[in-house]
file query-v9.txt (compact mmCIF, C-alpha atoms and all ligand atoms)
# COMPACT_ATOMS: atom_id res chain seq x y z
CA MET X 1 74.77 -48.53 7.57
CA SER X 2 75.50 -44.86 7.09
CA TYR X 3 74.11 -42.00 9.18
CA LEU X 4 73.23 -38.54 7.96
CA PHE X 5 74.55 -35.37 9.61
CA THR X 6 73.37 -31.91 8.62
CA VAL X 7 74.01 -28.33 9.71
CA SER X 8 71.50 -25.51 10.09
CA PRO X 9 71.65 -23.68 6.71
CA ASP X 10 72.49 -20.42 8.49
CA PHE X 11 76.12 -21.53 8.97
CA THR X 12 78.72 -18.94 7.99
CA PRO X 13 80.18 -19.77 4.54
CA ASP X 14 83.70 -19.41 6.04
CA HIS X 15 82.98 -22.45 8.19
CA LEU X 16 81.79 -24.77 5.43
CA SER X 17 85.10 -26.63 5.14
CA GLY X 18 85.26 -26.76 8.95
CA TRP X 19 82.06 -28.76 9.06
CA TYR X 20 83.47 -31.30 6.56
CA ILE X 21 86.61 -31.68 8.65
CA PHE X 22 84.48 -32.02 11.78
CA ASN X 23 82.44 -34.74 10.10
CA THR X 24 85.59 -36.68 9.21
CA TRP X 25 86.77 -36.39 12.83
CA LEU X 26 83.38 -37.58 14.09
CA GLN X 27 83.41 -40.61 11.77
CA ARG X 28 86.86 -41.66 12.98
CA GLN X 29 86.12 -41.09 16.64
CA SER X 30 82.76 -42.85 16.59
CA GLU X 31 83.89 -45.50 14.09
CA SER X 32 80.72 -44.98 12.11
CA ALA X 33 79.96 -44.00 8.54
CA ILE X 34 78.44 -40.51 8.67
CA HIS X 35 77.56 -38.55 5.58
CA LEU X 36 77.44 -34.75 5.84
CA GLU X 37 74.62 -33.22 3.85
CA MET X 38 74.52 -29.41 3.64
CA TYR X 39 71.06 -28.25 2.58
CA ASN X 40 70.74 -24.91 0.82
CA ASP X 41 67.77 -23.68 2.76
CA PHE X 42 65.55 -24.37 5.77
CA PRO X 43 62.59 -25.82 3.81
CA SER X 44 64.72 -28.53 2.18
CA GLN X 45 66.39 -29.37 5.49
CA ARG X 46 63.01 -29.59 7.24
CA LYS X 47 61.72 -31.89 4.48
CA ALA X 48 64.62 -34.26 5.16
CA ILE X 49 63.92 -34.14 8.93
CA LYS X 50 60.21 -34.83 8.36
CA GLY X 51 61.18 -37.76 6.12
CA ASP X 52 63.32 -39.24 8.96
CA GLU X 53 66.49 -38.96 6.88
CA VAL X 54 68.51 -37.02 9.47
CA ASP X 55 70.40 -38.64 12.40
CA LEU X 56 72.59 -35.81 13.64
CA ILE X 57 71.98 -32.09 13.27
CA TYR X 58 73.54 -28.82 14.32
CA ALA X 59 70.11 -27.28 14.71
CA ASN X 60 68.70 -23.79 14.70
CA PRO X 61 66.81 -23.13 17.97
CA PHE X 62 63.69 -22.53 15.92
CA ASP X 63 63.68 -26.18 14.78
CA ALA X 64 64.48 -27.64 18.22
CA ALA X 65 60.81 -28.01 19.24
CA MET X 66 59.97 -30.02 16.15
CA LEU X 67 63.12 -32.17 16.50
CA VAL X 68 62.52 -33.00 20.17
CA ARG X 69 58.74 -33.14 20.36
CA GLU X 70 57.89 -34.66 16.99
CA LYS X 71 61.02 -36.48 15.91
CA GLY X 72 62.49 -37.87 19.14
CA PHE X 73 65.80 -35.98 18.98
CA LEU X 74 67.77 -35.17 22.14
CA PRO X 75 70.45 -32.55 22.72
CA LEU X 76 74.16 -33.42 22.80
CA VAL X 77 76.18 -30.21 23.03
CA LYS X 78 76.33 -26.49 22.27
CA ALA X 79 79.27 -24.26 21.43
CA MET X 80 80.81 -22.78 24.57
CA GLY X 81 79.92 -19.14 25.19
CA VAL X 82 77.95 -18.79 21.95
CA SER X 83 74.33 -17.65 21.91
CA ASP X 84 72.13 -16.34 19.13
CA GLU X 85 71.44 -12.63 19.41
CA ALA X 86 69.80 -10.24 16.97
CA ILE X 87 70.54 -6.66 15.96
CA ILE X 88 68.20 -4.06 14.49
CA ALA X 89 70.23 -1.66 12.34
CA VAL X 90 69.52 1.29 10.06
CA ASN X 91 71.52 3.40 7.63
CA ALA X 92 73.77 5.74 9.66
CA GLU X 93 72.08 8.72 7.97
CA ASN X 94 68.63 7.65 9.11
CA PRO X 95 67.58 10.18 11.81
CA VAL X 96 65.63 7.52 13.75
CA ALA X 97 67.20 6.91 17.17
CA ASP X 98 64.72 4.47 18.67
CA VAL X 99 62.60 1.59 17.38
CA ALA X 100 59.59 3.50 18.74
CA HIS X 101 60.15 6.17 16.05
CA LEU X 102 59.96 3.75 13.10
CA SER X 103 56.75 4.04 11.07
CA PRO X 104 54.40 1.41 9.66
CA GLY X 105 55.03 0.63 6.01
CA ILE X 106 58.82 0.51 6.27
CA ASN X 107 60.89 -2.03 4.33
CA VAL X 108 62.63 -4.55 6.58
CA ALA X 109 65.51 -6.63 5.18
CA VAL X 110 65.93 -10.09 6.71
CA THR X 111 67.51 -13.45 5.93
CA GLU X 112 65.85 -16.86 6.17
CA ASP X 113 67.32 -17.46 9.68
CA PRO X 114 64.12 -18.19 11.57
CA ASP X 115 65.34 -17.54 15.11
CA VAL X 116 67.07 -14.27 14.28
CA THR X 117 64.05 -12.95 12.41
CA MET X 118 61.83 -13.88 15.34
CA MET X 119 64.06 -12.07 17.86
CA GLY X 120 64.26 -9.06 15.53
CA MET X 121 60.48 -8.92 15.13
CA ILE X 122 60.08 -8.94 18.92
CA MET X 123 62.32 -5.89 19.15
CA LEU X 124 60.32 -4.16 16.39
CA GLU X 125 57.08 -4.96 18.22
CA ALA X 126 58.06 -2.37 20.85
CA GLY X 127 57.59 0.17 18.03
CA ASP X 128 54.14 -1.19 17.10
CA LEU X 129 55.55 -2.91 14.03
CA HIS X 130 54.47 -6.41 13.05
CA ALA X 131 54.30 -8.64 9.98
CA GLY X 132 50.98 -7.03 9.03
CA ASN X 133 52.24 -3.45 8.77
CA ILE X 134 55.77 -3.77 7.39
CA GLN X 135 57.21 -5.03 4.12
CA THR X 136 59.80 -7.77 4.67
CA ASN X 137 62.32 -8.67 1.99
CA VAL X 138 64.31 -11.88 2.39
CA TYR X 139 67.95 -11.95 1.26
CA ASP X 140 70.44 -14.82 1.09
CA THR X 141 73.12 -13.30 3.32
CA TYR X 142 73.63 -10.61 5.95
CA VAL X 143 76.05 -8.83 3.65
CA LEU X 144 73.15 -8.39 1.24
CA VAL X 145 70.94 -7.12 4.07
CA ALA X 146 73.64 -4.53 4.82
CA LYS X 147 73.98 -3.58 1.13
CA HIS X 148 70.25 -2.91 0.82
CA LEU X 149 70.41 -0.67 3.89
CA LEU X 150 73.27 1.24 2.30
CA LYS X 151 71.41 1.53 -1.02
CA GLY X 152 68.43 2.90 0.86
CA ASP X 153 65.81 0.47 -0.43
CA ALA X 154 65.62 -1.15 3.01
CA ASP X 155 64.81 1.04 6.05
CA VAL X 156 65.71 -1.52 8.70
CA GLY X 157 67.83 -4.68 8.72
CA ILE X 158 67.55 -7.63 11.11
CA PHE X 159 70.97 -9.23 11.64
CA LEU X 160 72.45 -12.12 13.56
CA ALA X 161 74.63 -10.10 15.96
CA GLU X 162 77.70 -12.18 15.15
CA ALA X 163 77.21 -11.62 11.41
CA TYR X 164 76.79 -7.88 11.96
CA ASP X 165 79.97 -7.72 14.03
CA ASP X 166 81.82 -9.55 11.21
CA LEU X 167 80.82 -6.99 8.56
CA SER X 168 83.72 -4.91 7.27
CA ASN X 169 84.44 -1.70 9.12
CA MET X 170 83.71 0.23 5.97
CA ILE X 171 80.16 -1.14 5.90
CA LYS X 172 79.63 -0.82 9.65
CA LYS X 173 80.61 2.84 9.56
CA GLN X 174 77.65 3.50 7.30
CA LEU X 175 75.20 1.66 9.54
CA ARG X 176 73.85 2.29 13.03
CA ILE X 177 72.57 -0.18 15.63
CA LEU X 178 69.16 0.66 17.14
CA VAL X 179 68.90 -2.39 19.41
CA ARG X 180 71.03 -5.40 20.20
CA SER X 181 69.32 -8.30 21.95
CA GLN X 182 70.76 -9.65 25.22
CA ILE X 183 68.81 -12.85 25.58
CA SER X 184 71.74 -15.27 26.11
CA VAL X 185 69.69 -18.49 26.45
CA ILE X 186 68.82 -19.11 22.80
CA HIS X 187 71.48 -21.13 21.02
CA HIS X 188 72.13 -23.65 18.24
CA SER X 189 72.63 -27.23 19.49
CA LEU X 190 74.10 -30.40 18.13
CA MET X 191 71.32 -32.98 18.45
CA ILE X 192 71.04 -36.73 17.99
CA GLY X 193 68.14 -38.64 16.42
CA PRO X 194 66.40 -41.93 17.22
CA LYS X 195 68.67 -44.21 15.11
CA LEU X 196 71.75 -43.15 17.08
CA ILE X 197 70.17 -42.42 20.44
CA ASP X 198 71.65 -45.59 22.04
CA ARG X 199 75.07 -44.07 21.48
CA ARG X 200 74.21 -40.66 22.91
CA ASP X 201 76.41 -40.84 26.03
CA GLU X 202 79.41 -42.11 24.09
CA ILE X 203 79.16 -39.45 21.35
CA GLN X 204 78.48 -36.71 23.90
CA ALA X 205 81.62 -37.69 25.81
CA LEU X 206 83.71 -37.58 22.61
CA LEU X 207 82.44 -34.10 21.81
CA VAL X 208 82.90 -32.68 25.30
CA ALA X 209 86.51 -33.92 25.30
CA MET X 210 87.21 -32.59 21.80
CA ASN X 211 89.12 -29.48 22.93
CA GLU X 212 91.50 -31.55 25.06
CA ASP X 213 93.88 -32.32 22.22
CA ASP X 214 95.47 -30.06 19.60
CA LYS X 215 93.87 -31.77 16.62
CA GLY X 216 90.39 -31.44 18.13
CA LYS X 217 91.08 -27.84 19.12
CA ASP X 218 92.12 -26.95 15.56
CA ILE X 219 88.93 -28.42 14.14
CA LEU X 220 86.83 -26.53 16.69
CA ASN X 221 88.68 -23.35 15.70
CA SER X 222 87.82 -23.92 12.07
CA LEU X 223 84.16 -23.89 13.15
CA GLY X 224 84.70 -20.69 15.11
CA PHE X 225 84.23 -22.50 18.45
CA LYS X 226 86.37 -22.97 21.57
CA ALA X 227 84.78 -26.13 22.93
CA TRP X 228 81.55 -28.11 23.09
CA VAL X 229 79.61 -28.13 26.35
CA LYS X 230 76.94 -30.61 27.32
CA VAL X 231 73.30 -29.55 26.96
CA GLU X 232 71.03 -31.09 29.59
CA ASP X 233 67.57 -32.25 28.56
CA GLU X 234 65.92 -29.69 30.84
CA GLU X 235 67.99 -26.85 29.34
CA MET X 236 66.70 -27.85 25.90
CA GLU X 237 63.11 -28.16 27.14
CA PHE X 238 63.37 -24.71 28.69
CA MET X 239 64.71 -23.19 25.48
CA ILE X 240 61.86 -24.79 23.54
CA ASP X 241 59.33 -23.32 25.99
CA LEU X 242 60.98 -19.94 25.63
CA MET X 243 60.84 -20.11 21.83
CA GLU X 244 57.18 -21.03 22.08
CA ALA X 245 56.48 -18.09 24.37
CA LEU X 246 58.21 -15.79 21.89
CA ALA X 247 56.60 -17.23 18.78
CA THR X 248 53.57 -14.91 18.99
CA MET R 1 57.50 -15.35 52.09
CA ILE R 2 55.96 -12.04 51.25
CA GLN R 3 56.46 -9.10 53.55
CA ASP R 4 55.01 -5.62 53.87
CA MET R 5 56.91 -2.99 51.91
CA LYS R 6 59.14 -0.82 54.07
CA PRO R 7 59.34 3.00 53.86
CA GLU R 8 63.16 2.85 54.01
CA ASP R 9 63.23 0.89 50.72
CA ILE R 10 61.12 3.44 48.85
CA VAL R 11 62.61 6.06 46.55
CA GLY R 12 60.51 9.25 46.26
CA GLU R 13 57.11 10.30 47.47
CA TYR R 14 54.75 7.37 47.97
CA LYS R 15 51.16 6.34 48.56
CA GLU R 16 50.12 3.47 50.79
CA THR R 17 47.49 0.79 50.27
CA LEU R 18 46.57 -2.74 51.37
CA LEU R 19 46.50 -5.57 48.84
CA ASP R 20 44.73 -8.87 49.35
CA LEU R 21 47.06 -11.49 47.99
CA TYR R 22 46.44 -15.17 47.56
CA GLY R 23 42.90 -14.44 48.72
CA SER R 24 44.20 -14.51 52.30
CA ILE R 25 47.37 -12.57 53.08
CA CYS R 26 47.19 -8.80 53.33
CA ARG R 27 50.23 -6.81 52.20
CA VAL R 28 51.05 -3.17 52.89
CA VAL R 29 52.10 -1.79 49.53
CA LEU R 30 53.94 1.50 49.05
CA TYR R 31 54.05 2.89 45.53
CA THR R 32 55.34 5.92 43.67
CA GLU R 33 54.79 7.49 40.26
CA ILE R 34 58.33 6.73 39.10
CA GLU R 35 58.51 4.57 35.98
CA THR R 36 61.59 2.52 35.10
CA PRO R 37 61.76 2.12 31.31
CA TYR R 38 61.90 -1.45 29.98
CA PRO R 39 65.51 -2.28 29.00
CA ASP R 40 65.90 -2.53 25.21
CA GLY R 41 66.71 -5.94 23.76
CA LYS R 42 66.23 -7.86 27.00
CA LEU R 43 63.77 -10.51 28.12
CA ILE R 44 62.66 -10.74 31.74
CA VAL R 45 62.12 -14.40 32.60
CA SER R 46 60.79 -16.22 35.65
CA THR R 47 59.45 -19.66 36.47
CA THR R 48 56.99 -20.55 39.22
CA ASP R 49 55.71 -23.79 40.67
CA LYS R 50 52.07 -24.68 40.10
CA ASN R 51 50.99 -22.33 42.91
CA GLY R 52 52.75 -19.27 41.51
CA VAL R 53 55.72 -19.44 43.89
CA ILE R 54 58.90 -18.23 42.18
CA THR R 55 61.51 -20.94 41.53
CA HIS R 56 63.77 -19.24 38.97
CA VAL R 57 64.52 -15.69 37.81
CA ASN R 58 67.00 -14.36 35.25
CA LYS R 59 69.35 -11.42 35.68
CA SER R 60 67.04 -8.90 33.99
CA PHE R 61 64.26 -9.92 36.37
CA ILE R 62 66.45 -9.18 39.38
CA GLU R 63 67.61 -5.85 37.92
CA MET R 64 64.11 -4.64 37.05
CA SER R 65 62.32 -5.78 40.21
CA GLY R 66 64.96 -4.32 42.53
CA TYR R 67 64.90 -7.41 44.78
CA THR R 68 67.79 -9.79 45.33
CA GLU R 69 67.60 -13.35 44.04
CA GLU R 70 67.31 -14.61 47.64
CA GLU R 71 64.29 -12.36 48.26
CA LEU R 72 62.58 -13.57 45.08
CA ILE R 73 63.08 -17.35 45.19
CA ASN R 74 60.25 -19.00 47.17
CA ALA R 75 58.24 -15.76 47.24
CA PRO R 76 54.77 -15.75 45.63
CA HIS R 77 54.84 -14.01 42.25
CA SER R 78 52.39 -11.45 43.60
CA ILE R 79 55.42 -9.81 45.24
CA LEU R 80 55.32 -7.70 42.03
CA ARG R 81 51.60 -7.07 42.17
CA HIS R 82 50.85 -3.41 41.53
CA PRO R 83 47.65 -1.89 43.02
CA ASP R 84 46.75 -0.44 39.59
CA MET R 85 46.46 -3.94 38.08
CA PRO R 86 42.84 -5.17 38.05
CA PRO R 87 42.34 -8.58 39.71
CA ALA R 88 40.44 -9.69 36.58
CA ALA R 89 43.70 -9.72 34.62
CA PHE R 90 45.30 -12.28 36.95
CA LYS R 91 42.10 -14.33 37.13
CA ASP R 92 42.24 -14.54 33.33
CA LEU R 93 45.95 -15.46 33.53
CA TRP R 94 45.31 -18.34 35.92
CA ASP R 95 42.14 -19.54 34.14
CA THR R 96 44.10 -19.66 30.88
CA VAL R 97 47.24 -21.43 32.08
CA ASN R 98 45.18 -23.86 34.17
CA LYS R 99 43.64 -25.00 30.87
CA GLY R 100 47.17 -25.65 29.63
CA GLU R 101 47.10 -22.65 27.32
CA LYS R 102 49.34 -19.65 26.74
CA TRP R 103 48.36 -16.27 28.24
CA GLN R 104 49.50 -12.85 27.02
CA GLY R 105 48.88 -9.47 28.51
CA ILE R 106 50.29 -6.06 29.36
CA VAL R 107 51.23 -5.90 33.05
CA LYS R 108 52.25 -3.06 35.35
CA ASN R 109 54.70 -4.41 37.90
CA LEU R 110 55.73 -3.00 41.27
CA ARG R 111 59.40 -2.63 42.17
CA LYS R 112 60.90 -3.01 45.61
CA ASP R 113 61.62 0.75 45.60
CA GLY R 114 57.93 1.54 45.01
CA GLY R 115 58.39 2.42 41.33
CA TYR R 116 56.83 0.54 38.44
CA TYR R 117 57.56 -0.92 34.99
CA TRP R 118 55.31 -2.07 32.17
CA VAL R 119 55.89 -5.38 30.38
CA LYS R 120 54.25 -7.51 27.72
CA ALA R 121 54.09 -10.89 29.43
CA THR R 122 53.60 -14.34 27.94
CA VAL R 123 52.90 -17.08 30.48
CA ILE R 124 53.10 -20.71 29.38
CA PRO R 125 52.73 -24.02 31.21
CA ASN R 126 55.95 -26.10 31.22
CA ILE R 127 54.86 -29.57 30.18
CA ARG R 128 57.21 -32.48 30.95
CA ASN R 129 56.25 -36.09 30.16
CA GLY R 130 52.73 -34.93 29.40
CA GLU R 131 52.22 -33.13 32.71
CA VAL R 132 52.24 -29.47 33.71
CA VAL R 133 55.14 -29.17 36.16
CA SER R 134 55.58 -25.37 36.36
CA TYR R 135 54.84 -22.07 34.63
CA THR R 136 57.21 -19.71 32.88
CA SER R 137 56.66 -16.05 32.10
CA VAL R 138 58.71 -14.36 29.39
CA ARG R 139 58.39 -10.57 29.23
CA ARG R 140 59.34 -8.26 26.43
CA LYS R 141 59.20 -4.52 25.88
CA PRO R 142 55.60 -3.44 25.25
CA SER R 143 54.78 -0.77 22.70
CA ARG R 144 53.81 2.60 24.13
CA THR R 145 50.47 2.43 22.32
CA ARG R 146 49.55 -0.82 24.11
CA VAL R 147 50.61 0.68 27.45
CA GLU R 148 48.53 3.84 26.88
CA GLU R 149 45.51 1.64 26.08
CA CYS R 150 45.95 -0.23 29.36
CA ILE R 151 46.39 2.98 31.36
CA LYS R 152 42.88 3.92 30.15
CA LEU R 153 41.35 0.44 30.36
CA TYR R 154 42.57 -0.99 33.67
CA PRO R 155 40.88 1.53 36.03
CA THR R 156 37.52 0.53 34.47
CA LEU R 157 38.03 -3.16 35.38
CA PHE R 158 37.85 -2.82 39.17
C1 LIG X 301 54.71 -17.65 35.60
C2 LIG X 301 53.90 -16.57 36.28
C3 LIG X 301 54.36 -15.27 36.27
C4 LIG X 301 53.66 -14.23 36.88
N1 LIG X 301 54.17 -12.98 36.82
C5 LIG X 301 53.52 -11.97 37.47
C6 LIG X 301 54.06 -10.66 37.47
O1 LIG X 301 55.08 -10.38 36.84
N2 LIG X 301 53.40 -9.70 38.15
C7 LIG X 301 52.24 -9.96 38.83
O2 LIG X 301 51.69 -9.05 39.44
N3 LIG X 301 51.70 -11.20 38.83
C8 LIG X 301 52.30 -12.20 38.17
N4 LIG X 301 51.76 -13.46 38.17
C9 LIG X 301 50.45 -13.66 38.82
C10 LIG X 301 50.59 -13.85 40.31
O3 LIG X 301 50.80 -15.24 40.56
C11 LIG X 301 49.32 -13.42 41.05
O4 LIG X 301 48.21 -14.14 40.57
C12 LIG X 301 49.03 -11.92 40.89
O5 LIG X 301 50.11 -11.15 41.25
C13 LIG X 301 47.81 -11.47 41.69
O6 LIG X 301 47.94 -11.81 43.02
P1 LIG X 301 46.87 -12.78 43.75
O7 LIG X 301 46.63 -13.92 42.79
O8 LIG X 301 47.54 -13.19 44.99
O9 LIG X 301 45.66 -11.96 43.96
C14 LIG X 301 52.43 -14.52 37.54
C15 LIG X 301 51.96 -15.82 37.55
C16 LIG X 301 52.67 -16.85 36.91
C17 LIG X 301 52.13 -18.25 36.92
call {"tool": "encode", "arguments": {"input": "query-v9.txt", "output": "C-alpha cells"}}
result
Amino acid sequence: MSYLFTVSPDFTPDHLSGWYIFNTWLQRQSESAIHLEMYNDFPSQRKAIKGDEVDLIYANPFDAAMLVREKGFLPLVKAMGVSDEAIIAVNAENPVADVAHLSPGINVAVTEDPDVTMMGMIMLEAGDLHAGNIQTNVYDTYVLVAKHLLKGDADVGIFLAEAYDDLSNMIKKQLRILVRSQISVIHHSLMIGPKLIDRRDEIQALLVAMNEDDKGKDILNSLGFKAWVKVEDEEMEFMIDLMEALAT
Amino acid sequence: MIQDMKPEDIVGEYKETLLDLYGSICRVVLYTEIETPYPDGKLIVSTTDKNGVITHVNKSFIEMSGYTEEELINAPHSILRHPDMPPAAFKDLWDTVNKGEKWQGIVKNLRKDGGYYWVKATVIPNIRNGEVVSYTSVRRKPSRTRVEECIKLYPTLF
C-alpha cells in the first residue's frame, strides 16, 4: 500500500526539489511507500483531499479547519520559528502613506494563497476597503504581483512577507511597505490523515529528531527550515478558531 | 479580581464614575480623553472561561491594555469596560456567543492609565469535543468610518 503526501501549492519554487528529497527521507525513515504529489493549485489539491486521496500534507492554515474538522487529520509538526505574515505594499512613487488613505475602486494584486490574502484583506479593512469595493487580480507568483505594482496597473499588492523579503533589491527599491502583519500564530503545518493516524507518534518523533543528524539537517535546509517542532492538538484547534474569527 | 482604578496609575486629566460590573460589583473607573491608536498589522487576542474570566492574553493585548499579564489573568474581562460603551452591546455579545454563534462589534476599551482604544472585535466560542469550553476574542484595527459611526450611535443606546 502506498500513501500520498502533498504540499500546499504556495511552496516556493526554489524548494520543489527539497520536498522530493524530504519525501525520500520520510519513506526510508518510516519504511513506507509514500508518493509525493505536487498539485498546481489549491482547488485541485482540495479536490484530492475531499476525495480522501491524501494521507500526509504540508497544509496552508486556511485548509487546516477542513482537514481537522471534516477529514480527521491531526497536526504533526511545524517549521521552527516560521509563521505566515502578510505585507501590503505600493509602488514607491505612490504618495499614500497609510492604508486609511487608499480609495475604493483601487486594483489589488494578490496570489491564490488563501491565508495571505485573508490577512492582507484584514489590513485593508482598516481603510474601509473590502472585496465589494476593490478590484482584485490574481497572479501566479509574488514576483508577478511586484511587477504589476511597478507597471502601475496594480495600486496595492498583498504579499507573503517572506516572499516580499526575498524579492531582489532592485525591485524592493521601487516598492514601499504600508503595513506588515505581526500575527505570529498562523503557520503551515505538516498533518497526518486517518489512514496513517495509528503511526502518528512514531512519525512525529522521526520529524522532531530530523535536525539531530547532518543528513536530516541538510534536507531541512533545502526546504528553508531549521527544524520541525511538535504541534499540539490544542495549538491547532486554537489556530483554526483564530482563522474562523478572521474569516469575516 | 477586579479593583478600583487608582489616581496614581492615570496619565492626564481624568473624570470619575462608578460602573456596575457583573451585575453586582461596583468599580470606580477613572478615564481620560487620550486615545492610543490601534497598532498596525497586529491582532489583540484573549481567551476567557465560560464566565468571561480571562485565561489567556497575547503580547499585543498586554501592550494595549497597559496591565501586566499577572493583573489580567483571572480578572473578569470587564476590567477593560469603558463607561462610554452601552450595556446593550455586551448583552448582545453574550446572547450571541451563548447561542454558540460568532459576535462582531466595534468596542471602546479602557486602559489601565485611563486612556482608551477602539477595536473591531470578533468573539467566538471555542468548541472542543462538541462542547463550548471557552471564548476567544480576536481584535483588529477598525476603520475610522466605523469608529465615527459608533461615537455617534453609542450615546443613544443608554
Ligand atoms: C472572549 C471575550 C472577550 C471580551 N472582551 C471584552 C473587551 O475587550 N472589553 C470589554 O469591555 N468587554 C469585553 N467582554 C465582555 C465582558 O465580559 C463584559 O460583559 C463587559 O465588559 C461588560 O461588563 P458586565 O458584563 O460586567 O456588565 C468580552 C467577553 C468575552 C467572552
call {"tool": "residues_near_ligand", "arguments": {"input": "query-v9.txt", "ligand": "ligand LIG 301 (chain X)", "cutoff": "6 Å", "atoms": "all atoms listed in the file", "output": "list in words"}}
result
Leu21, Tyr22, Thr47, Thr48, Gly52, His77, Ser78, Leu80, Arg81, Phe90, Asn109, Val123, Tyr135, Thr136 and Ser137 of chain R
call {"tool": "interface_residues", "arguments": {"input": "query-v9.txt", "of": "chain X", "to": "chain R", "cutoff": "9 Å", "atoms": "only C-alpha atoms", "output": "number ranges by chain"}}
result
X: 86-87, 100, 119, 122-123, 125-129, 179-183, 237-238, 241-242, 244-246, 248
call {"tool": "atom_distance", "arguments": {"input": "query-v9.txt", "atom1": "CA of Val132 (chain R)", "atom2": "CA of Thr96 (chain R)"}}
result
13.1 Å
call {"tool": "closest_residue", "arguments": {"input": "query-v9.txt", "among": "R:Gly105, R:Pro86, R:Gly100, R:Gly114", "to": "Asp9 (chain R)", "atoms": "only C-alpha atoms"}}
result
R:Gly114
call {"tool": "atom_distance", "arguments": {"input": "query-v9.txt", "atom1": "CA of Asp84 (chain X)", "atom2": "CA of Ile240 (chain X)"}}
result
14.0 Å
call {"tool": "closest_residue", "arguments": {"input": "query-v9.txt", "among": "X:Arg199, X:His188, X:Lys226, X:Lys71", "to": "Glu31 (chain X)", "atoms": "all atoms listed in the file"}}
result
X:Arg199
call {"tool": "atom_distance", "arguments": {"input": "query-v9.txt", "atom1": "CA of Met85 (chain R)", "atom2": "CA of Tyr67 (chain R)"}}
result
19.9 Å
call {"tool": "residues_around", "arguments": {"input": "query-v9.txt", "residues": "region 31-33 of chain R", "least_positions_apart": "3", "cutoff": "7 Å", "atoms": "all atoms listed in the file", "output": "PyMOL selection string"}}
result
chain R and resi 12-16+114-115
call {"tool": "closest_residue", "arguments": {"input": "query-v9.txt", "among": "X:Ala89, X:Leu223, X:Leu74, X:Ile134", "to": "Leu160 (chain X)", "atoms": "only C-alpha atoms"}}
result
X:Ala89
call {"tool": "residues_around", "arguments": {"input": "query-v9.txt", "residues": "Phe225 (chain X)", "least_positions_apart": "3", "cutoff": "12 Å", "atoms": "only C-alpha atoms", "output": "VMD selection string"}}
result
chain X and resid 15 18 to 19 22 78 to 83 210 to 211 216 to 222 228 to 229
call {"tool": "residues_around", "arguments": {"input": "query-v9.txt", "residues": "region 138-140 of chain X", "least_positions_apart": "4", "cutoff": "8 Å", "atoms": "only C-alpha atoms", "output": "ChimeraX atom specification"}}
result
/X:109-112,144-145
call {"tool": "build_atoms", "arguments": {"input": "query-v9.txt", "residues": "region 134-138 of chain R", "atoms": "all heavy atoms", "output": "compact mmCIF listing (two decimals), in the coordinates of the input"}}
result
# COMPACT_ATOMS: atom_id res chain seq x y z
N SER R 134 55.30 -26.74 35.90
CA SER R 134 55.58 -25.37 36.36
C SER R 134 55.07 -24.40 35.31
O SER R 134 54.54 -24.81 34.28
CB SER R 134 57.10 -25.20 36.56
OG SER R 134 57.79 -25.62 35.39
N TYR R 135 55.23 -23.10 35.59
CA TYR R 135 54.84 -22.07 34.63
C TYR R 135 56.02 -21.14 34.41
O TYR R 135 56.77 -20.85 35.34
CB TYR R 135 53.65 -21.26 35.14
CG TYR R 135 52.42 -22.09 35.37
CD1 TYR R 135 51.99 -22.41 36.66
CD2 TYR R 135 51.68 -22.59 34.29
CE1 TYR R 135 50.87 -23.19 36.87
CE2 TYR R 135 50.56 -23.37 34.49
CZ TYR R 135 50.16 -23.67 35.78
OH TYR R 135 49.06 -24.44 35.98
N THR R 136 56.15 -20.67 33.18
CA THR R 136 57.21 -19.71 32.88
C THR R 136 56.59 -18.46 32.27
O THR R 136 55.69 -18.55 31.44
CB THR R 136 58.24 -20.31 31.91
OG1 THR R 136 58.93 -21.36 32.58
CG2 THR R 136 59.27 -19.27 31.46
N SER R 137 57.09 -17.31 32.70
CA SER R 137 56.66 -16.05 32.10
C SER R 137 57.85 -15.40 31.43
O SER R 137 58.92 -15.27 32.02
CB SER R 137 56.07 -15.12 33.16
OG SER R 137 55.72 -13.89 32.54
N VAL R 138 57.67 -15.03 30.17
CA VAL R 138 58.71 -14.36 29.39
C VAL R 138 58.17 -12.98 29.05
O VAL R 138 57.10 -12.87 28.44
CB VAL R 138 59.02 -15.12 28.08
CG1 VAL R 138 60.15 -14.45 27.33
CG2 VAL R 138 59.36 -16.57 28.37
